[in-house]
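Let me begin by presenting the structure, written as structure tokens, before commenting on it.
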Amino acid sequence: MTPAVAQPLPEGLPGDRLSRIQIDRSCRQTVVWYMVSAVAWLLAGSLLALLASIKMHTPGFLADADWLTFGRVRPAHLSTMIYGWGSMAGVGVLLWLQARLSRVRLPLPLLLPVTVVIWNLAVLYGTVRILQGASTGIEWLEFPVEVLAFIGFCMAVIIVASVLMFVRRQVKHTYVSQWYLFGAVLWFPFLYILGVVLSEAGDVRGVAKAAANWWFAHNVLGLWFTPIGLATAYYMIPKVIGRPVHSYHLSLLGFWTLAIFYNWAGTHHLIGGPLPAWLVTVGIVGSMMMFIPVITVAVNHHLTMAGNFHHLRTSPTLRFVVVAAMSYTVVSFQGSLTALRAVNEVSHFTHYTIAHAHLGVYAFFTMMMFGAAYYILPRLMNTEWHSARWIRVHFWATSLGMALYWLGLTWAGWRQGEMMNDPNIPFLAIVEYTKPWLHSRSLAGVLMTIGHVSFAWLVWNLVRQRGAALIGPTLLKRRKSA
Amino acid sequence: MNRSLTIALGIMLTVVLSMAGLVLIPNWQFREMQQHKDDDGNLWPVQLEGAEALGRAEYVSLGCVYCHTQQVRPPNYGADLDRGWGFRRTVPRDYLFDKPHLLGTMRTGPDLANIGARQPSRDWHMLHLYDPVITSPGSTMPPHRFLFEKVAPSDRAPERAIRLPDDSGWILPSARAESLFAYLRSLDKSYELPEAPQ
Amino acid sequence: MFLVYLVIWAFTLLAGASAVWALAWAVQTGQFRDFRAGAASIFDEGEPVGRVTDAFPGEGKHP
Ligand code: HEM
Ligand code: HEM
């Protein structure tokens, strides 16, 4: 069979019959480049992660230059992963999903590819500045302030594209994923701009700056990564297994409760800290209320899957997406419990938090993006993945690595916290206790990096169109009618 | 168009409210906050200047905050006071001039809110910065040798240099190391504030 | 400082007109009615309910 791309497409079809293939083709340039850039940042971020991880148990490793010191490599890891990998993959998936769900072509075909270039330069510049020592020192906002202008511009274009798609949409019903995506696209630039303004403003004083810091950092997770991740799950799970979402009404309840409660939880990062007590209490209450959206999402995702688990054997997308959706449930329950004062007293300043962080940004968000990439990229490139074996390597290396990471540091972090709360144990004895577990994290990091390299290899071959031409169900319909 | 605008506005409202609630209102609370004048007429906390301020910038640039907090939790919540990390819990006024804030969220190393009081020795800090295992066997803090110049052993000590305990030579702190020490030395919250008795 | 407050409040006003409004819109236009149709809106004749749309390369049984 010839690839469908070779055939000319009739223009001017009535909107509602605009086929998937035309929509996919309109996304090709922008979305593929967002995803490929994201994968490049994933590799860079993994290298920085391994460096940071090794330095935590072997501090003499590469310690002779200030740009390689732990205190610079670590924020560089966070920034490349969050703004390079996570956000760029997120934008790619978000644009594709919106085009698909609205059933319109991706608008701004000239401007959107330009944003890919600008975004990449912004992350590159920011990372280099951090390594040079010009970090702002504010966790999650380490990039120098000028980066805001570039990412802000890109987000402005992305908002316009989103609004255009929404306005032109050819489907009467607004699917739940669209709510989440629309939320994400509007929230993120708002958070980012205010995060920077509040951090820089001389008028915001002392610990109010800390409140602003964590209001921002928490909301990047809850109102940028989480909605994109959930929108993906709400589309991919039903779509792959061919079965509508279990209880659709719950999904809308989930969206609104997320929108209302998540953003109040930021101060749970400062429990026990020098802030007015009411402020921290608000954060804890917000965290408890999060049980509502989390349970609605859990019910929906897991019950939609019920009876369909056999598809996990055959669908790479589903494997990653289901692992991610389960991790979302676990990380959120863990998070709400962590926000309790009694738990936080032990866990706050320890590796336990780091384990939770990666359960969120990795096992939930990163795995979700992997799953989405397996679905989207072949359709855009009109090519199959070239090797099922590499996909399996990717899946098992990242899953096992993540499991090792989380189990090891959750346990070690909890013990670390208990020991720290016992003043009779010398501090250096605690440091000694954590070392073997930090080694296990480095091992986990190697496994995860093996997974990332496999993934990058697959994407590289796909983009070079080394696989078989796609003859999936997506294209079948189109070919008949053309 | 109208509809999308409506949704957009609605979606934003929730976040705007939380920003006002979590950041602007507390900031409002702090508007009246001023330094405290003690019985001798001294003002606390002190605004950092000169080497201390430069040292703080160095602390930011080298990313010490990723392993060290600067906050002392109240009694009966953790063991911060029992560990000798402070004289009293820290309160918002202690951070009046902090920009960026350096509260931190991780204690890979101990809290530093009062390190200047706990460990005032210049020699100790310089050796510790140069290679932490000299003073703290088993420590995982990274060595900051790049802040020093190593001078070969000789009988005549270079000015301001510190002798390495294994007699392998002297270390000469750079200006960056000196300012970093000045900052660490300034971290001392032994002053009293009315809202936080010792 | 004026600028800071301008930015903050401009955003606040610009953005904050009303969540109720959005909810009202959603209710009025029937976003909360007929959930079954809503859940099915991602399927169509090309990819109907019941069709599995992803498989490992070379291993899928394509219809
Ligand atoms: C109901 C949902 C959640 C709640 C209540 C929650 C709660 C918390 C709490 C209390 C902390 C602070 C721990 C400490 O410093 O003592 C925390 C940290 C963190 N959480 Fe969550 N969490 C939730 C879901 C998530 C999700 C879905 C993600 C990822 C997408 C995530 C990622 C993180 C990260 C990265 C940190 C570390 C931040 C830092 O210290 O840099 N969490 N979470
Ligand atoms: C190759 C796999 C990875 C390894 C080995 C790894 C390792 C690390 C290490 C060593 C730290 C510093 C922990 C500390 O300061 O105690 C860290 C922090 C962090 N990493 Fe990763 N990481 C990996 C992947 C990722 C990915 C894919 C993301 C994001 C999508 C990510 C996001 C973060 C964040 C947000 C933090 C800060 C956590 C906090 O402050 O609580 N990491 N990681």
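Naming scheme: A, B, ... for chains in displayed order of the structure tokens; residues 1 onward per chain; ligands 1 onward as shown.
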
Exercise answer, 6 Å around ligand 1 with only C-alpha atoms and all ligand atoms, as a ChimeraX atom specification: /A:221,225-226,268-269,287,290,328,331-332,335-336,338-339,344,347-348,353,356-357,360-361,365 /B:105

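Using only C-alpha atoms, the chain A residues found within 6 Å of chain C amount to Val240, Ile241, Gly242, Arg243, Pro244, Val245, Tyr248, Thr314, Ser315, Pro316, Trp385, Ala388 and Lys477 of chain A.
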
Report as JSON lines: every residue of chain B with an atom at most 10 Å from ligand 2, its closest pair of atoms, and their distance in Å to one decimal, counting only C-alpha atoms and all ligand atoms, with rows sorted by chain and ascending residue number.
```
{"residue": "B:Val65", "atom": "CA", "partner": "ligand 2", "partner_atom_place_in_ligand_line": "15 (O)", "distance": 9.5}
{"residue": "B:Tyr66", "atom": "CA", "partner": "ligand 2", "partner_atom_place_in_ligand_line": "15 (O)", "distance": 5.7}
{"residue": "B:Cys67", "atom": "CA", "partner": "ligand 2", "partner_atom_place_in_ligand_line": "15 (O)", "distance": 6.6}
{"residue": "B:Gly104", "atom": "CA", "partner": "ligand 2", "partner_atom_place_in_ligand_line": "40 (O)", "distance": 9.3}
{"residue": "B:Thr105", "atom": "CA", "partner": "ligand 2", "partner_atom_place_in_ligand_line": "40 (O)", "distance": 7.2}
{"residue": "B:Met106", "atom": "CA", "partner": "ligand 2", "partner_atom_place_in_ligand_line": "16 (O)", "distance": 7.0}
{"residue": "B:Arg107", "atom": "CA", "partner": "ligand 2", "partner_atom_place_in_ligand_line": "16 (O)", "distance": 8.6}
{"residue": "B:Thr108", "atom": "CA", "partner": "ligand 2", "partner_atom_place_in_ligand_line": "16 (O)", "distance": 6.9}
```

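Taking atom CA of Ser46 of chain A as the reference point, atom CA of Met367 of chain A is found at 14.7 Å.
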
Could you pull the residues within 12 Å of Trp457 of chain A, counting only C-alpha atoms, minus those fewer than 2 positions along the same chain, as an mmCIF file with C-alpha atoms, in the first residue's frame?
```
data_model
loop_
_atom_site.group_PDB
_atom_site.id
_atom_site.type_symbol
_atom_site.label_atom_id
_atom_site.label_comp_id
_atom_site.auth_asym_id
_atom_site.auth_seq_id
_atom_site.Cartn_x
_atom_site.Cartn_y
_atom_site.Cartn_z
ATOM 1 C CA VAL A 36 11.836 16.199 19.170
ATOM 2 C CA VAL A 39 13.379 14.528 23.765
ATOM 3 C CA ALA A 40 16.687 16.344 23.300
ATOM 4 C CA LEU A 43 18.620 13.551 27.332
ATOM 5 C CA TRP A 385 7.898 2.802 15.121
ATOM 6 C CA HIS A 386 10.765 0.800 13.757
ATOM 7 C CA SER A 387 11.180 -1.630 16.620
ATOM 8 C CA ARG A 389 11.853 -4.392 21.126
ATOM 9 C CA TRP A 390 13.190 -0.917 21.809
ATOM 10 C CA ILE A 391 9.756 0.149 22.989
ATOM 11 C CA VAL A 393 13.283 -1.730 26.643
ATOM 12 C CA HIS A 394 12.065 1.825 27.097
ATOM 13 C CA ILE A 450 18.813 3.725 29.342
ATOM 14 C CA GLY A 451 15.073 4.038 28.778
ATOM 15 C CA HIS A 452 15.435 7.639 27.608
ATOM 16 C CA VAL A 453 18.169 6.749 25.157
ATOM 17 C CA SER A 454 16.035 3.930 23.730
ATOM 18 C CA PHE A 455 13.167 6.363 23.338
ATOM 19 C CA VAL A 459 12.070 8.918 17.827
ATOM 20 C CA TRP A 460 15.161 9.584 15.739
ATOM 21 C CA ASN A 461 14.395 6.653 13.467
ATOM 22 C CA LEU A 462 10.767 7.633 13.253
ATOM 23 C CA VAL A 463 11.541 11.165 12.253
ATOM 24 C CA ARG A 464 13.947 9.864 9.636
ATOM 25 C CA ARG A 466 12.955 4.485 8.937
#
```

Could you tell me how far atom CA of Asp64 of chain A lies from atom CA of Ala444 of chain A, in Å and to one decimal? 25.8 Å

Using only C-alpha atoms, select each residue of chain B with any atom at most 6 Å away from an atom of chain A, and give the selection as an mmCIF file with N, CA, C and O atoms, in the first residue's frame.
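Saved the output as part.cif:
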```cif
data_model
loop_
_atom_site.group_PDB
_atom_site.id
_atom_site.type_symbol
_atom_site.label_atom_id
_atom_site.label_comp_id
_atom_site.auth_asym_id
_atom_site.auth_seq_id
_atom_site.Cartn_x
_atom_site.Cartn_y
_atom_site.Cartn_z
ATOM 1 N N MET B 1 -16.852 33.588 19.911
ATOM 2 C CA MET B 1 -15.760 34.291 20.589
ATOM 3 C C MET B 1 -16.156 34.593 22.018
ATOM 4 O O MET B 1 -15.408 34.352 22.952
ATOM 5 N N THR B 14 -10.347 31.542 39.610
ATOM 6 C CA THR B 14 -9.991 30.707 40.749
ATOM 7 C C THR B 14 -8.531 30.929 41.143
ATOM 8 O O THR B 14 -8.208 31.030 42.314
ATOM 9 N N SER B 18 -6.649 32.667 44.610
ATOM 10 C CA SER B 18 -5.672 32.002 45.469
ATOM 11 C C SER B 18 -4.409 32.837 45.582
ATOM 12 O O SER B 18 -3.780 32.889 46.631
ATOM 13 N N VAL B 23 -0.668 35.144 48.749
ATOM 14 C CA VAL B 23 0.500 36.014 48.648
ATOM 15 C C VAL B 23 0.177 37.452 49.051
ATOM 16 O O VAL B 23 0.813 38.044 49.913
ATOM 17 N N ASN B 27 1.199 39.449 52.548
ATOM 18 C CA ASN B 27 2.105 40.564 52.334
ATOM 19 C C ASN B 27 1.522 41.829 52.959
ATOM 20 O O ASN B 27 2.225 42.656 53.515
ATOM 21 N N VAL B 60 23.721 32.135 46.948
ATOM 22 C CA VAL B 60 22.674 31.924 45.939
ATOM 23 C C VAL B 60 23.277 31.299 44.692
ATOM 24 O O VAL B 60 22.787 30.301 44.163
ATOM 25 N N SER B 61 24.365 31.882 44.236
ATOM 26 C CA SER B 61 24.962 31.447 42.976
ATOM 27 C C SER B 61 25.483 30.011 43.039
ATOM 28 O O SER B 61 25.387 29.258 42.070
ATOM 29 N N LEU B 62 26.025 29.619 44.201
ATOM 30 C CA LEU B 62 26.561 28.262 44.327
ATOM 31 C C LEU B 62 25.491 27.247 44.725
ATOM 32 O O LEU B 62 25.762 26.056 44.817
ATOM 33 N N GLY B 63 24.273 27.726 44.958
ATOM 34 C CA GLY B 63 23.155 26.814 45.199
ATOM 35 C C GLY B 63 23.194 26.085 46.528
ATOM 36 O O GLY B 63 22.763 24.939 46.635
ATOM 37 N N CYS B 64 23.692 26.733 47.578
ATOM 38 C CA CYS B 64 23.726 26.088 48.899
ATOM 39 C C CYS B 64 22.313 25.738 49.376
ATOM 40 O O CYS B 64 22.116 24.794 50.146
ATOM 41 N N ARG B 73 12.288 25.403 63.269
ATOM 42 C CA ARG B 73 10.888 25.083 63.555
ATOM 43 C C ARG B 73 10.607 25.240 65.051
ATOM 44 O O ARG B 73 11.514 25.214 65.865
ATOM 45 N N GLY B 78 9.442 18.709 65.314
ATOM 46 C CA GLY B 78 10.799 18.377 64.904
ATOM 47 C C GLY B 78 11.742 18.614 66.073
ATOM 48 O O GLY B 78 11.307 18.926 67.190
ATOM 49 N N ALA B 79 13.032 18.459 65.830
ATOM 50 C CA ALA B 79 14.000 18.589 66.927
ATOM 51 C C ALA B 79 14.992 19.705 66.642
ATOM 52 O O ALA B 79 16.148 19.653 67.079
ATOM 53 N N ASP B 82 16.421 21.262 69.808
ATOM 54 C CA ASP B 82 17.207 20.278 70.560
ATOM 55 C C ASP B 82 18.534 19.967 69.879
ATOM 56 O O ASP B 82 19.506 19.595 70.517
ATOM 57 N N ARG B 83 18.545 20.085 68.577
ATOM 58 C CA ARG B 83 19.796 19.838 67.860
ATOM 59 C C ARG B 83 20.753 21.020 67.960
ATOM 60 O O ARG B 83 21.850 20.982 67.418
ATOM 61 N N THR B 90 12.185 30.642 64.310
ATOM 62 C CA THR B 90 12.295 31.859 63.514
ATOM 63 C C THR B 90 10.899 32.320 63.123
ATOM 64 O O THR B 90 9.966 31.527 63.018
ATOM 65 N N VAL B 91 10.770 33.626 62.925
ATOM 66 C CA VAL B 91 9.458 34.237 62.646
ATOM 67 C C VAL B 91 9.591 35.154 61.427
ATOM 68 O O VAL B 91 10.709 35.479 61.019
ATOM 69 N N PRO B 92 8.460 35.585 60.841
ATOM 70 C CA PRO B 92 8.555 36.371 59.605
ATOM 71 C C PRO B 92 9.509 37.554 59.691
ATOM 72 O O PRO B 92 10.221 37.851 58.738
ATOM 73 N N TYR B 95 13.127 37.584 58.491
ATOM 74 C CA TYR B 95 13.414 37.519 57.049
ATOM 75 C C TYR B 95 13.083 38.812 56.331
ATOM 76 O O TYR B 95 12.959 38.845 55.113
ATOM 77 N N LEU B 96 12.943 39.871 57.122
ATOM 78 C CA LEU B 96 12.484 41.151 56.600
ATOM 79 C C LEU B 96 13.202 41.561 55.313
ATOM 80 O O LEU B 96 12.591 42.056 54.378
ATOM 81 N N PHE B 97 14.515 41.372 55.264
ATOM 82 C CA PHE B 97 15.287 41.895 54.124
ATOM 83 C C PHE B 97 15.681 40.820 53.123
ATOM 84 O O PHE B 97 16.470 41.084 52.218
ATOM 85 N N ASP B 98 15.170 39.598 53.296
ATOM 86 C CA ASP B 98 15.642 38.502 52.447
ATOM 87 C C ASP B 98 15.137 38.615 51.009
ATOM 88 O O ASP B 98 13.931 38.591 50.766
ATOM 89 N N THR B 105 14.079 23.772 51.343
ATOM 90 C CA THR B 105 13.121 22.692 51.615
ATOM 91 C C THR B 105 13.830 21.367 51.865
ATOM 92 O O THR B 105 13.192 20.336 51.936
ATOM 93 N N MET B 106 15.139 21.397 51.964
ATOM 94 C CA MET B 106 15.861 20.132 52.021
ATOM 95 C C MET B 106 16.973 20.222 53.051
ATOM 96 O O MET B 106 17.690 21.228 53.097
ATOM 97 N N ARG B 107 17.113 19.171 53.883
ATOM 98 C CA ARG B 107 18.199 19.149 54.859
ATOM 99 C C ARG B 107 19.143 17.999 54.605
ATOM 100 O O ARG B 107 19.357 17.142 55.461
ATOM 101 N N THR B 140 28.806 14.564 52.878
ATOM 102 C CA THR B 140 28.617 14.480 51.419
ATOM 103 C C THR B 140 28.557 15.865 50.779
ATOM 104 O O THR B 140 28.209 15.996 49.620
ATOM 105 N N PRO B 142 29.744 18.925 48.762
ATOM 106 C CA PRO B 142 30.807 18.982 47.742
ATOM 107 C C PRO B 142 31.948 19.894 48.178
ATOM 108 O O PRO B 142 31.726 20.918 48.797
ATOM 109 N N PHE B 146 37.537 25.228 44.240
ATOM 110 C CA PHE B 146 37.702 26.292 43.233
ATOM 111 C C PHE B 146 37.609 27.686 43.846
ATOM 112 O O PHE B 146 37.830 28.676 43.169
#
```

List the neighbours of segment 148-156 of chain B out to 7 Å using only C-alpha atoms; skip same-chain residues closer than 4 positions along the sequence, and give me the result as a count of residues only. 8

Using only C-alpha atoms, determine which residues lie at most 9 Å from Thr317 of chain A, disregarding the query and same-chain residues fewer than 3 positions distant; provide the list as a ChimeraX atom specification. /A:236-237,240,312,320-322,368,370-375 /C:54-56

Keeping C-alpha atoms for every residue in the selection just given, could you write it to a file as a PDB file, in the first residue's frame?
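Here's the written file result_36.pdb:
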```pdb
ATOM      1  CA  MET A 236      -5.906   8.163  25.254  1.00  0.00           C
ATOM      2  CA  ILE A 237      -7.466   5.567  27.541  1.00  0.00           C
ATOM      3  CA  VAL A 240      -7.050   3.264  22.544  1.00  0.00           C
ATOM      4  CA  LEU A 312      -1.785  -3.567  27.955  1.00  0.00           C
ATOM      5  CA  PHE A 320       2.611   4.089  29.567  1.00  0.00           C
ATOM      6  CA  VAL A 321      -0.660   5.937  29.994  1.00  0.00           C
ATOM      7  CA  VAL A 322      -2.079   3.434  32.457  1.00  0.00           C
ATOM      8  CA  MET A 368       2.032  10.102  30.276  1.00  0.00           C
ATOM      9  CA  PHE A 370       5.813   8.910  26.607  1.00  0.00           C
ATOM     10  CA  GLY A 371       2.446   7.248  26.076  1.00  0.00           C
ATOM     11  CA  ALA A 372       1.107  10.204  24.120  1.00  0.00           C
ATOM     12  CA  ALA A 373       4.226  10.288  21.941  1.00  0.00           C
ATOM     13  CA  TYR A 374       3.753   6.633  21.012  1.00  0.00           C
ATOM     14  CA  TYR A 375       0.280   7.447  19.768  1.00  0.00           C
TER      15      TYR A 375
ATOM     16  CA  ASP C  54      -2.960   1.283  19.079  1.00  0.00           C
ATOM     17  CA  ALA C  55      -0.649  -1.709  18.949  1.00  0.00           C
ATOM     18  CA  PHE C  56       3.049  -2.544  19.010  1.00  0.00           C
TER      19      PHE C  56
END
```

Within 10 Å of Leu184 of chain B using only C-alpha atoms, minus same-chain residues under 2 positions, as a VMD selection string: chain B and resid 52 55 to 56 59 112 to 117 119 to 120 122 125 178 to 182 186 to 188

Excluding Arg93 of chain B and any residue of its chain fewer than 6 positions from it, enumerate the residues within 9 Å of it, using only C-alpha atoms, and give them as a PyMOL selection string. (chain A and resi 206-207+274) or (chain B and resi 30+33-36+44-45+193)

Residue set, segment 95-175 of chain B restricted to strand (DSSP E or B), as a ChimeraX atom specification: /B:148-151,162-163,170-173

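A straight line drawn from atom CA of Thr257 of chain A to atom CA of Pro293 of chain A is 5.6 Å long.
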
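Among the candidate residues A:Pro436, A:Pro144, A:Pro378, A:Gly401, the one lying nearest to His358 of chain A is A:Gly401, with distances computed using only C-alpha atoms.
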
Would you return as a short mmCIF file (atom, residue, chain, number, x, y, z; two decimals) with N, CA, C and O atoms, in the first residue's frame the members of segment 113-197 of chain B that DSSP assigns to helix (DSSP H, G or I) on this structure's backbone?
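And here's part.cif as it stands now:
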```cif
data_model
loop_
_atom_site.label_atom_id
_atom_site.label_comp_id
_atom_site.auth_asym_id
_atom_site.auth_seq_id
_atom_site.Cartn_x
_atom_site.Cartn_y
_atom_site.Cartn_z
N ILE B 115 24.22 29.48 61.93
CA ILE B 115 25.55 28.88 61.81
C ILE B 115 26.63 29.83 62.31
O ILE B 115 27.64 29.40 62.87
N GLY B 116 26.42 31.12 62.13
CA GLY B 116 27.42 32.11 62.57
C GLY B 116 27.62 32.07 64.09
O GLY B 116 28.72 32.31 64.59
N ALA B 117 26.55 31.78 64.81
CA ALA B 117 26.66 31.68 66.27
C ALA B 117 27.24 30.32 66.67
O ALA B 117 28.04 30.21 67.59
N ARG B 118 26.83 29.30 65.94
CA ARG B 118 27.23 27.94 66.30
C ARG B 118 28.70 27.71 65.98
O ARG B 118 29.42 27.03 66.70
N ARG B 122 36.82 31.16 61.60
CA ARG B 122 37.15 31.34 60.18
C ARG B 122 37.92 30.13 59.66
O ARG B 122 37.62 29.63 58.57
N ASP B 123 38.88 29.65 60.43
CA ASP B 123 39.66 28.49 59.99
C ASP B 123 38.75 27.30 59.70
O ASP B 123 38.88 26.62 58.68
N TRP B 124 37.84 27.06 60.64
CA TRP B 124 36.93 25.91 60.45
C TRP B 124 36.17 26.06 59.14
O TRP B 124 36.13 25.13 58.32
N HIS B 125 35.58 27.22 58.90
CA HIS B 125 34.75 27.39 57.70
C HIS B 125 35.57 27.27 56.42
O HIS B 125 35.13 26.69 55.44
N MET B 126 36.78 27.83 56.45
CA MET B 126 37.59 27.79 55.24
C MET B 126 38.00 26.34 54.92
O MET B 126 37.88 25.89 53.78
N LEU B 127 38.42 25.61 55.95
CA LEU B 127 38.79 24.21 55.72
C LEU B 127 37.57 23.42 55.26
O LEU B 127 37.63 22.59 54.36
N HIS B 128 36.44 23.71 55.89
CA HIS B 128 35.21 22.99 55.56
C HIS B 128 34.77 23.27 54.13
O HIS B 128 34.39 22.38 53.38
N LEU B 129 34.88 24.53 53.72
CA LEU B 129 34.50 24.86 52.34
C LEU B 129 35.47 24.21 51.36
O LEU B 129 35.08 23.71 50.31
N TYR B 130 36.75 24.24 51.73
CA TYR B 130 37.77 23.69 50.83
C TYR B 130 37.54 22.20 50.59
O TYR B 130 37.51 21.73 49.46
N PRO B 132 35.01 19.46 52.77
CA PRO B 132 34.21 19.24 53.99
C PRO B 132 34.66 18.06 54.83
O PRO B 132 34.51 18.09 56.05
N VAL B 133 35.25 17.00 54.22
CA VAL B 133 35.60 15.86 55.06
C VAL B 133 36.76 16.15 56.01
O VAL B 133 36.99 15.40 56.94
N ILE B 134 37.46 17.27 55.79
CA ILE B 134 38.53 17.62 56.73
C ILE B 134 37.94 17.87 58.12
O ILE B 134 38.45 17.40 59.13
N ARG B 145 36.84 23.57 46.27
CA ARG B 145 38.25 23.91 46.13
C ARG B 145 38.47 25.07 45.15
O ARG B 145 39.45 25.79 45.25
N PHE B 146 37.54 25.23 44.24
CA PHE B 146 37.70 26.29 43.23
C PHE B 146 37.61 27.69 43.85
O PHE B 146 37.83 28.68 43.17
N LEU B 147 37.27 27.76 45.13
CA LEU B 147 37.24 29.07 45.78
C LEU B 147 38.57 29.39 46.47
O LEU B 147 38.68 30.40 47.15
N ALA B 175 38.50 36.07 47.19
CA ALA B 175 37.56 37.07 47.71
C ALA B 175 36.17 36.46 47.85
O ALA B 175 35.43 36.76 48.79
N ARG B 176 35.84 35.54 46.94
CA ARG B 176 34.52 34.90 47.01
C ARG B 176 34.40 34.08 48.30
O ARG B 176 33.38 34.11 48.98
N ALA B 177 35.47 33.34 48.62
CA ALA B 177 35.43 32.54 49.85
C ALA B 177 35.33 33.44 51.07
O ALA B 177 34.59 33.14 52.02
N GLU B 178 36.07 34.56 51.05
CA GLU B 178 36.02 35.47 52.20
C GLU B 178 34.61 36.03 52.39
O GLU B 178 34.10 36.11 53.50
N SER B 179 33.98 36.43 51.27
CA SER B 179 32.64 37.02 51.43
C SER B 179 31.64 35.95 51.87
O SER B 179 30.76 36.21 52.69
N LEU B 180 31.81 34.74 51.34
CA LEU B 180 30.91 33.66 51.74
C LEU B 180 31.03 33.43 53.25
O LEU B 180 30.03 33.29 53.97
N PHE B 181 32.27 33.46 53.74
CA PHE B 181 32.45 33.29 55.19
C PHE B 181 31.80 34.46 55.95
O PHE B 181 31.13 34.26 56.96
N ALA B 182 31.99 35.66 55.44
CA ALA B 182 31.39 36.82 56.11
C ALA B 182 29.87 36.64 56.21
O ALA B 182 29.27 36.94 57.25
N TYR B 183 29.29 36.12 55.17
CA TYR B 183 27.84 35.90 55.20
C TYR B 183 27.48 34.83 56.23
O TYR B 183 26.58 35.01 57.05
N LEU B 184 28.18 33.70 56.19
CA LEU B 184 27.88 32.62 57.13
C LEU B 184 28.02 33.11 58.57
O LEU B 184 27.21 32.81 59.44
N ARG B 185 29.05 33.92 58.77
CA ARG B 185 29.30 34.46 60.10
C ARG B 185 28.14 35.35 60.56
O ARG B 185 27.84 35.45 61.74
N SER B 186 27.49 35.98 59.59
CA SER B 186 26.39 36.90 59.94
C SER B 186 25.09 36.16 60.27
O SER B 186 24.14 36.77 60.75
#
```
